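Have a look at input_18.pdb below; it lists PDB, C-alpha atoms.
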```pdb
ATOM      1  CA  MET A 279      41.686 -52.879   0.420
ATOM      2  CA  ASP A 280      45.120 -51.740   1.649
ATOM      3  CA  ILE A 281      45.322 -49.242  -1.227
ATOM      4  CA  ILE A 282      42.036 -47.657  -0.155
ATOM      5  CA  VAL A 283      43.206 -47.384   3.472
ATOM      6  CA  TYR A 284      46.549 -45.897   2.462
ATOM      7  CA  THR A 285      44.767 -43.410   0.146
ATOM      8  CA  VAL A 286      42.460 -42.277   2.948
ATOM      9  CA  ILE A 287      45.378 -41.916   5.368
ATOM     10  CA  VAL A 288      47.421 -39.889   2.864
ATOM     11  CA  ALA A 289      44.404 -37.672   2.086
ATOM     12  CA  LEU A 290      43.868 -37.015   5.796
ATOM     13  CA  ILE A 291      47.534 -36.155   6.282
ATOM     14  CA  ILE A 292      47.484 -33.752   3.326
ATOM     15  CA  ALA A 293      44.256 -32.134   4.536
ATOM     16  CA  PHE A 294      45.666 -31.746   8.068
ATOM     17  CA  SER A 295      48.885 -30.264   6.704
ATOM     18  CA  LEU A 296      47.026 -27.808   4.517
ATOM     19  CA  GLY A 297      44.847 -26.795   7.439
ATOM     20  CA  VAL A 298      47.896 -26.119   9.594
ATOM     21  CA  LEU A 299      49.572 -24.141   6.814
ATOM     22  CA  LEU A 300      46.441 -22.059   6.192
ATOM     23  CA  GLY A 301      46.220 -21.324   9.892
ATOM     24  CA  LEU A 302      49.848 -20.227   9.964
ATOM     25  CA  PHE A 303      49.426 -18.060   6.862
ATOM     26  CA  LYS A 304      46.334 -16.432   8.326
ATOM     27  CA  LYS A 305      48.217 -15.623  11.516
ATOM     28  CA  ILE A 306      51.356 -14.413   9.737
ATOM     29  CA  PHE A 307      49.561 -12.249   7.190
ATOM     30  CA  HIS A 308      46.756 -11.069   9.454
ATOM     31  CA  VAL A 309      45.884  -7.403   9.041
ATOM     32  CA  ASP A 310      44.070  -5.653  11.850
ATOM     33  CA  VAL A 311      40.839  -4.014  10.641
ATOM     34  CA  ASP A 312      39.498  -0.988  12.427
ATOM     35  CA  PRO A 313      36.215  -2.066  14.080
ATOM     36  CA  LYS A 314      34.717   1.225  12.916
ATOM     37  CA  VAL A 315      34.792  -0.091   9.341
ATOM     38  CA  ALA A 316      32.269  -2.815  10.198
ATOM     39  CA  LYS A 317      30.092  -0.331  12.080
ATOM     40  CA  VAL A 318      30.088   2.091   9.137
ATOM     41  CA  ARG A 319      29.325  -0.752   6.745
ATOM     42  CA  GLU A 320      26.247  -1.646   8.782
ATOM     43  CA  VAL A 321      24.653   1.796   8.465
ATOM     44  CA  LEU A 322      25.272   2.200   4.727
ATOM     45  CA  SER A 323      22.473   1.659   2.218
ATOM     46  CA  GLY A 324      23.935  -1.622   0.970
ATOM     47  CA  ALA A 325      23.066  -0.711  -2.602
ATOM     48  CA  ASN A 326      26.663  -0.973  -3.843
ATOM     49  CA  CYS A 327      25.623   1.612  -6.418
ATOM     50  CA  GLY A 328      28.986   3.336  -6.695
ATOM     51  CA  GLY A 329      27.405   6.732  -6.186
ATOM     52  CA  CYS A 330      30.143   7.494  -3.654
ATOM     53  CA  GLY A 331      32.721   7.174  -6.418
ATOM     54  CA  LEU A 332      34.147   3.932  -5.038
ATOM     55  CA  ALA A 333      33.699   0.277  -5.960
ATOM     56  CA  GLY A 334      30.934  -0.333  -3.428
ATOM     57  CA  CYS A 335      29.874  -0.127   0.203
ATOM     58  CA  ASP A 336      32.838  -2.120   1.542
ATOM     59  CA  ALA A 337      35.307   0.131  -0.244
ATOM     60  CA  PHE A 338      33.513   3.254   0.972
ATOM     61  CA  ALA A 339      33.425   2.049   4.591
ATOM     62  CA  GLY A 340      37.173   1.482   4.573
ATOM     63  CA  ALA A 341      37.865   4.803   2.861
ATOM     64  CA  VAL A 342      35.674   6.913   5.130
ATOM     65  CA  VAL A 343      37.261   5.471   8.282
ATOM     66  CA  LYS A 344      40.724   6.261   6.867
ATOM     67  CA  GLY A 345      39.583   9.783   6.068
ATOM     68  CA  ASP A 346      39.803   9.256   2.313
ATOM     69  CA  ALA A 347      36.049   9.714   1.737
ATOM     70  CA  PRO A 348      33.519  12.198   3.153
ATOM     71  CA  THR A 349      31.021  11.085   5.779
ATOM     72  CA  ASP A 350      28.184  12.200   3.512
ATOM     73  CA  GLY A 351      29.498  10.233   0.528
ATOM     74  CA  CYS A 352      26.746   7.585   0.564
ATOM     75  CA  VAL A 353      24.185   9.326  -1.634
ATOM     76  CA  ALA A 354      21.803   6.395  -1.435
ATOM     77  CA  GLY A 355      21.743   6.581   2.353
ATOM     78  CA  GLY A 356      20.994  10.293   2.474
ATOM     79  CA  SER A 357      21.162  12.529   5.546
ATOM     80  CA  LYS A 358      20.312   9.764   8.026
ATOM     81  CA  CYS A 359      23.232   7.657   6.837
ATOM     82  CA  ALA A 360      25.612  10.635   6.838
ATOM     83  CA  THR A 361      24.653  11.481  10.424
ATOM     84  CA  GLU A 362      25.169   7.905  11.597
ATOM     85  CA  VAL A 363      28.546   7.606   9.846
ATOM     86  CA  ALA A 364      29.672  10.903  11.371
ATOM     87  CA  ALA A 365      28.584   9.707  14.825
ATOM     88  CA  ILE A 366      30.623   6.507  14.476
ATOM     89  CA  LEU A 367      33.677   8.574  13.578
ATOM     90  CA  GLY A 368      33.032  11.063  16.363
ATOM     91  CA  GLN A 369      32.343  13.920  13.994
ATOM     92  CA  ALA A 370      29.549  16.420  13.660
ATOM     93  CA  GLY A 371      26.700  15.351  11.424
ATOM     94  CA  VAL A 372      26.261  16.879   7.989
ATOM     95  CA  GLU A 373      22.889  17.837   6.552
ATOM     96  CA  ILE A 374      22.751  16.886   2.895
ATOM     97  CA  LYS A 375      20.139  17.698   0.307
ATOM     98  CA  PRO A 376      18.412  14.818  -1.494
ATOM     99  CA  MET A 377      19.539  14.739  -5.116
ATOM    100  CA  VAL A 378      17.745  13.343  -8.164
ATOM    101  CA  ALA A 379      18.339  12.799 -11.867
ATOM    102  CA  PHE A 380      16.898  15.081 -14.528
ATOM    103  CA  VAL A 381      16.632  14.191 -18.221
ATOM    104  CA  ALA A 382      17.041  17.285 -20.402
ATOM    105  CA  CYS A 383      15.261  16.092 -23.534
ATOM    106  CA  HIS A 384      11.611  15.913 -24.557
ATOM    107  CA  GLY A 385      12.154  15.015 -28.176
ATOM    108  CA  THR A 386       9.704  12.125 -28.293
ATOM    109  CA  LYS A 387       9.166   9.767 -31.225
ATOM    110  CA  ASP A 388       6.435  12.083 -32.491
ATOM    111  CA  CYS A 389       8.631  15.185 -32.269
ATOM    112  CA  ALA A 390      12.160  14.137 -33.162
ATOM    113  CA  GLN A 391      12.987  13.024 -36.700
ATOM    114  CA  SER A 392      14.775   9.681 -37.059
ATOM    115  CA  LYS A 393      17.857   9.196 -39.235
ATOM    116  CA  GLY A 394      16.461   5.875 -40.417
ATOM    117  CA  ASP A 395      16.320   2.259 -39.311
ATOM    118  CA  TYR A 396      19.154   1.269 -37.006
ATOM    119  CA  GLU A 397      20.093  -2.415 -37.231
ATOM    120  CA  GLY A 398      23.059  -2.460 -34.861
ATOM    121  CA  VAL A 399      23.388  -3.381 -31.190
ATOM    122  CA  LYS A 400      20.434  -1.845 -29.363
ATOM    123  CA  THR A 401      22.322   0.262 -26.861
ATOM    124  CA  CYS A 402      22.772   4.017 -26.770
ATOM    125  CA  GLN A 403      26.546   3.664 -26.546
ATOM    126  CA  ALA A 404      26.683   1.495 -29.673
ATOM    127  CA  ALA A 405      24.342   3.741 -31.669
ATOM    128  CA  GLN A 406      26.367   6.782 -30.641
ATOM    129  CA  MET A 407      29.608   5.190 -31.808
ATOM    130  CA  VAL A 408      28.195   3.933 -35.100
ATOM    131  CA  MET A 409      26.103   6.877 -36.279
ATOM    132  CA  ASN A 410      26.144   9.590 -33.619
ATOM    133  CA  GLY A 411      22.729   8.529 -32.370
ATOM    134  CA  THR A 412      19.528   7.581 -34.121
ATOM    135  CA  LYS A 413      17.919  11.009 -34.391
ATOM    136  CA  LYS A 414      18.627  13.907 -36.728
ATOM    137  CA  CYS A 415      19.027  16.089 -33.661
ATOM    138  CA  ALA A 416      22.625  15.383 -32.641
ATOM    139  CA  PHE A 417      21.723  16.220 -29.044
ATOM    140  CA  GLY A 418      18.574  14.087 -28.746
ATOM    141  CA  CYS A 419      17.937  11.048 -26.564
ATOM    142  CA  ILE A 420      18.803   7.869 -28.486
ATOM    143  CA  GLY A 421      16.132   5.925 -26.629
ATOM    144  CA  PHE A 422      17.639   2.475 -26.061
ATOM    145  CA  GLY A 423      17.601   2.877 -22.292
ATOM    146  CA  ASP A 424      21.234   2.569 -21.215
ATOM    147  CA  CYS A 425      20.336   4.858 -18.322
ATOM    148  CA  VAL A 426      17.448   2.616 -17.301
ATOM    149  CA  LYS A 427      19.675  -0.458 -17.267
ATOM    150  CA  ALA A 428      22.342   1.367 -15.262
ATOM    151  CA  CYS A 429      19.981   2.480 -12.474
ATOM    152  CA  PRO A 430      20.476   0.195  -9.427
ATOM    153  CA  PHE A 431      17.276   1.433  -7.782
ATOM    154  CA  GLY A 432      14.745   0.830 -10.542
ATOM    155  CA  ALA A 433      14.075   4.563 -10.585
ATOM    156  CA  MET A 434      14.033   4.943 -14.375
ATOM    157  CA  GLU A 435      11.969   3.441 -17.143
ATOM    158  CA  MET A 436      11.490   4.060 -20.837
ATOM    159  CA  SER A 437       8.181   5.689 -21.641
ATOM    160  CA  GLU A 438       6.126   4.732 -24.681
ATOM    161  CA  ASP A 439       7.188   7.953 -26.395
ATOM    162  CA  GLY A 440      10.853   6.902 -26.260
ATOM    163  CA  ILE A 441      12.137   9.185 -23.500
ATOM    164  CA  PRO A 442      13.348   7.861 -20.100
ATOM    165  CA  GLU A 443      11.234   8.862 -17.133
ATOM    166  CA  VAL A 444      12.528   9.265 -13.585
ATOM    167  CA  ASN A 445      10.590   7.926 -10.612
ATOM    168  CA  TYR A 446      11.437  10.632  -8.097
ATOM    169  CA  ALA A 447      10.138   8.546  -5.203
ATOM    170  CA  LYS A 448      12.929   6.029  -5.873
ATOM    171  CA  CYS A 449      15.749   8.128  -7.314
ATOM    172  CA  VAL A 450      18.619   8.924  -4.938
ATOM    173  CA  GLY A 451      20.828  10.831  -7.354
ATOM    174  CA  CYS A 452      23.604   8.234  -7.438
ATOM    175  CA  GLY A 453      24.662   9.380 -10.915
ATOM    176  CA  LYS A 454      24.844   5.964 -12.593
ATOM    177  CA  CYS A 455      22.444   7.127 -15.308
ATOM    178  CA  VAL A 456      24.527  10.250 -15.903
ATOM    179  CA  LYS A 457      27.589   8.133 -16.672
ATOM    180  CA  ALA A 458      25.587   5.758 -18.881
ATOM    181  CA  CYS A 459      24.150   8.444 -21.192
ATOM    182  CA  PRO A 460      26.464   9.054 -24.188
ATOM    183  CA  LYS A 461      24.601  12.252 -25.062
ATOM    184  CA  LYS A 462      25.136  13.755 -21.588
ATOM    185  CA  LEU A 463      21.446  14.580 -21.315
ATOM    186  CA  ILE A 464      21.116  13.664 -17.653
ATOM    187  CA  SER A 465      22.227  15.765 -14.714
ATOM    188  CA  ILE A 466      21.912  15.498 -10.952
ATOM    189  CA  VAL A 467      19.996  18.309  -9.283
ATOM    190  CA  ALA A 468      18.709  19.003  -5.798
ATOM    191  CA  LYS A 469      15.297  17.447  -5.321
ATOM    192  CA  ASP A 470      13.969  20.625  -3.708
ATOM    193  CA  THR A 471      14.995  22.808  -6.655
ATOM    194  CA  LYS A 472      12.346  25.427  -7.352
ATOM    195  CA  GLY A 473      12.247  27.328 -10.593
ATOM    196  CA  ALA A 474      12.318  26.839 -14.341
ATOM    197  CA  ILE A 475      14.470  24.211 -16.017
ATOM    198  CA  ALA A 476      15.054  23.428 -19.683
ATOM    199  CA  VAL A 477      13.903  20.042 -20.982
ATOM    200  CA  CYS A 478      16.197  20.279 -24.009
ATOM    201  CA  SER A 479      19.937  20.024 -24.651
ATOM    202  CA  CYS A 480      20.104  21.148 -28.287
ATOM    203  CA  HIS A 481      22.967  23.600 -28.716
ATOM    204  CA  ASN A 482      22.560  23.849 -32.484
ATOM    205  CA  GLU A 483      22.495  27.510 -33.524
ATOM    206  CA  ASN A 484      20.737  26.877 -36.856
ATOM    207  CA  LYS A 485      17.148  27.727 -35.972
ATOM    208  CA  MET A 486      15.618  26.360 -39.153
ATOM    209  CA  GLN A 487      17.494  23.066 -38.811
ATOM    210  CA  ILE A 488      16.372  22.708 -35.210
ATOM    211  CA  LYS A 489      12.723  22.883 -36.211
ATOM    212  CA  LYS A 490      13.277  20.342 -38.997
ATOM    213  CA  ASP A 491      15.039  17.908 -36.679
ATOM    214  CA  CYS A 492      12.729  18.215 -33.666
ATOM    215  CA  SER A 493       9.518  20.156 -33.324
ATOM    216  CA  ALA A 494      10.015  20.273 -29.549
ATOM    217  CA  GLY A 495      13.573  21.628 -29.635
ATOM    218  CA  CYS A 496      14.657  24.971 -28.254
ATOM    219  CA  PHE A 497      15.141  27.174 -31.321
ATOM    220  CA  LYS A 498      16.713  30.112 -29.478
ATOM    221  CA  CYS A 499      13.855  32.566 -29.822
ATOM    222  CA  GLY A 500      14.802  34.264 -26.548
ATOM    223  CA  ILE A 501      11.195  34.937 -25.530
ATOM    224  CA  CYS A 502      11.747  33.308 -22.146
ATOM    225  CA  ALA A 503      14.518  35.744 -21.239
ATOM    226  CA  LYS A 504      12.501  38.715 -22.454
ATOM    227  CA  LYS A 505       9.461  37.703 -20.413
ATOM    228  CA  CYS A 506      11.357  36.955 -17.201
ATOM    229  CA  PRO A 507      10.620  39.772 -14.710
ATOM    230  CA  GLN A 508      13.666  38.814 -12.614
ATOM    231  CA  ASN A 509      16.150  38.777 -15.529
ATOM    232  CA  CYS A 510      17.430  35.430 -14.313
ATOM    233  CA  ILE A 511      17.663  33.558 -17.628
ATOM    234  CA  ASP A 512      21.004  33.318 -19.422
ATOM    235  CA  LEU A 513      20.987  32.245 -23.085
ATOM    236  CA  SER A 514      24.721  32.550 -23.791
ATOM    237  CA  ALA A 515      25.192  28.756 -23.844
ATOM    238  CA  GLY A 516      22.316  28.266 -26.302
ATOM    239  CA  ILE A 517      20.018  26.636 -23.753
ATOM    240  CA  PRO A 518      18.165  28.672 -21.107
ATOM    241  CA  LYS A 519      20.127  28.563 -17.856
ATOM    242  CA  ILE A 520      18.355  29.738 -14.737
ATOM    243  CA  ASP A 521      19.839  31.688 -11.856
ATOM    244  CA  TYR A 522      17.931  30.066  -9.010
ATOM    245  CA  ALA A 523      19.055  32.748  -6.580
ATOM    246  CA  LYS A 524      16.820  35.137  -8.540
ATOM    247  CA  CYS A 525      14.088  32.853  -9.895
ATOM    248  CA  THR A 526      10.753  33.155  -8.072
ATOM    249  CA  SER A 527       8.923  30.382  -9.947
ATOM    250  CA  CYS A 528       6.523  32.934 -11.374
ATOM    251  CA  GLY A 529       6.089  30.799 -14.480
ATOM    252  CA  GLU A 530       6.223  33.659 -16.980
ATOM    253  CA  CYS A 531       8.958  31.966 -18.997
ATOM    254  CA  THR A 532       7.216  28.580 -19.051
ATOM    255  CA  ARG A 533       4.001  30.140 -20.310
ATOM    256  CA  ALA A 534       5.842  32.174 -22.943
ATOM    257  CA  CYS A 535       7.940  29.322 -24.355
ATOM    258  CA  PRO A 536       6.307  28.229 -27.658
ATOM    259  CA  ASP A 537       7.724  24.702 -27.522
ATOM    260  CA  LYS A 538       7.351  24.191 -23.763
ATOM    261  CA  VAL A 539      11.071  23.719 -23.396
ATOM    262  CA  LEU A 540      10.928  25.354 -19.977
ATOM    263  CA  THR A 541       9.010  23.843 -17.104
ATOM    264  CA  LEU A 542       8.963  24.426 -13.358
ATOM    265  CA  PHE A 543      11.076  21.706 -11.822
ATOM    266  CA  GLN A 544       8.856  21.362  -8.761
ATOM    267  CA  ASP A 545       5.907  20.565 -11.054
ATOM    268  CA  PHE A 546       7.980  18.302 -13.264
ATOM    269  CA  ALA A 547       9.353  16.274 -10.371
ATOM    270  CA  GLY A 548       6.061  16.218  -8.508
TER     271      GLY A 548
END
```
So that I can check it, write out the structure of this file as C-alpha cells.
Amino acid sequence: MDIIVYTVIVALIIAFSLGVLLGLFKKIFHVDVDPKVAKVREVLSGANCGGCGLAGCDAFAGAVVKGDAPTDGCVAGGSKCATEVAAILGQAGVEIKPMVAFVACHGTKDCAQSKGDYEGVKTCQAAQMVMNGTKKCAFGCIGFGDCVKACPFGAMEMSEDGIPEVNYAKCVGCGKCVKACPKKLISIVAKDTKGAIAVCSCHNENKMQIKKDCSAGCFKCGICAKKCPQNCIDLSAGIPKIDYAKCTSCGECTRACPDKVLTLFQDFAG
C-alpha cells in the first residue's frame, strides 16, 4: 500500500515540476505574433492548396503581414479575399482576375494511338519515367489522372475518353494540376479569356507521323493562320498561339481547322 502511495506522490511531484518547467520555457521562449496574422488567416480560403506558393494558409498569413507575399496571393480566395487582406494591412485593394486551368490535349482513346499495354504503377509520373508516356504521341495526355488527384477543389475529373475535364465552376486556378502533369499540358489562363485556343500540345514537325500517332493532333497545315482576318495567329512554335489583343473571336480559324484543334475558349469553358 505504501508503495502505491509513494508512487502517486512521486508522479504528482514530477507532473508539477514538468508543468512549472513548461510554463517557464513558454515564457522565456515566447515570440510575439502580430495580431494581423490571425486576422489575415481568418479571411483566407482555408484550402491550404499551396496556390500562393507557400506551404499553406498559415504560412501565407505570416508572409503577407511581413511583406514577403502579395496581398492578392490567395488565388483560391479571389478578389474578395485580396481586398480584405489589403484592408487589414491598411493597403489599397487589388482587383484580380479569376484564373482557371486549361488542358491542351484532345487526343482521346479513340484518336491517340497507344504504345501498348502498360503494367507499371498507374500514375502519369511513373509512366513518363518508364516509357515517356503511354501514347505514341510524345506530347499526349497519359491519362492516369495525376492532375485530378492533385486538385484540392475537386475541379477535375477523368472523362470516359481518357482526357481530364475541368469543372470551371469549381476551378480557382491554384496551379496544383499544372505541377502534377509531367507532359506540361495544363496551363493557367484568365477565366474571362475570349478568343481561340489550341487544344493540342504536339510540337512534332513530322506531319505524317503526327497523323499516325493521333488523328486529332495539330499537323501544322497553317490554314488557321491563313483564314484569320486579324492576322493574330503565330505558328512559329509549332502550335497556334493567339494574340488576344487582336483576336475578335470571329471563329474563322476554328471553322477552318480540319482537326478542330482550335476552339473559342469562352465556348470551351462555358
task = Take atom CA of A:Asp388 and atom CA of A:Ala433 and report the distance between them in Å, one decimal.
result = 24.4 Å
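Selection check: the PyMOL selection byres ((chain A and resi 458) around 7) on the shown file gives Asp424, Cys425, Ala428, Lys454, Cys455, Val456, Lys457, Cys459 and Pro460 of chain A.
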Quick one: everything within 7 Å of stretch 313-329 of chain A, counting all atoms listed in the file, minus sequence neighbours fewer than 4 positions away in the same chain. Send it as a tab-separated table (two decimals) with C-alpha atoms, in the coordinates of the input.
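And here is the file that came out, out_5.tsv:
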```tsv
chain	number	residue	atom	x	y	z
A	333	ALA	CA	33.70	0.28	-5.96
A	334	GLY	CA	30.93	-0.33	-3.43
A	335	CYS	CA	29.87	-0.13	0.20
A	336	ASP	CA	32.84	-2.12	1.54
A	339	ALA	CA	33.42	2.05	4.59
A	340	GLY	CA	37.17	1.48	4.57
A	343	VAL	CA	37.26	5.47	8.28
A	352	CYS	CA	26.75	7.58	0.56
A	353	VAL	CA	24.18	9.33	-1.63
A	354	ALA	CA	21.80	6.40	-1.44
A	355	GLY	CA	21.74	6.58	2.35
A	359	CYS	CA	23.23	7.66	6.84
A	362	GLU	CA	25.17	7.90	11.60
A	363	VAL	CA	28.55	7.61	9.85
A	366	ILE	CA	30.62	6.51	14.48
A	430	PRO	CA	20.48	0.20	-9.43
A	452	CYS	CA	23.60	8.23	-7.44
A	453	GLY	CA	24.66	9.38	-10.92
A	454	LYS	CA	24.84	5.96	-12.59
```
Length of the atom CA of A:Val539 to atom CA of A:Ile517 vector [Å] =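 The value is 9.4 Å.
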query = In terms of the shortest atom-to-atom distance over only C-alpha atoms, which of A:Gly301, A:Lys461, A:Val381, A:Thr541 is closest to A:Met434?
reply = A:Val381
request  = Considering only C-alpha atoms, state which residue in the set A:Ile282, A:Cys480, A:Ala379, A:Ile420 is at the smallest distance from A:Gly495.
outcome  =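 Among the listed residues, the smallest separation from A:Gly495 belongs to A:Cys480.
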query = Of the residues A:Ile511, A:Ala547, A:Val342, A:Cys492, which is the one nearest to A:Ala364, using all atoms listed in the file?
reply =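 Using all atoms listed in the file, A:Ala364 sits closest to A:Val342.
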message = As an exercise, work out the distance from atom CA of A:Leu332 to atom CA of A:Gly351 in Å and give it to one decimal place.
response =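 Atom CA of A:Gly351 lies at a distance of 9.6 Å from atom CA of A:Leu332.
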key: Selection under test: the PyMOL selection byres ((chain A and resi 529) around 9); residues as a ChimeraX atom specification   = /A:473-474,506,526-528,530-534,541-542
ask   = Taking (17.1, 0.3, -30.3) in the file's coordinates as the center, which residues reach within 10 Å of it, counting only C-alpha atoms, put as a list in words?
value = Asp395, Tyr396, Glu397, Gly398, Val399, Lys400, Thr401, Cys402, Ala404, Ala405, Thr412, Ile420, Gly421, Phe422, Gly423 and Gly440 of chain A
query = What would the list of residues within 10 Å of (10.2, 22.5, -30.0) (file frame) look like as a VMD selection string, if all atoms listed in the file are what count?
reply = chain A and resid 384 to 385 389 to 390 478 488 to 497 535 to 539
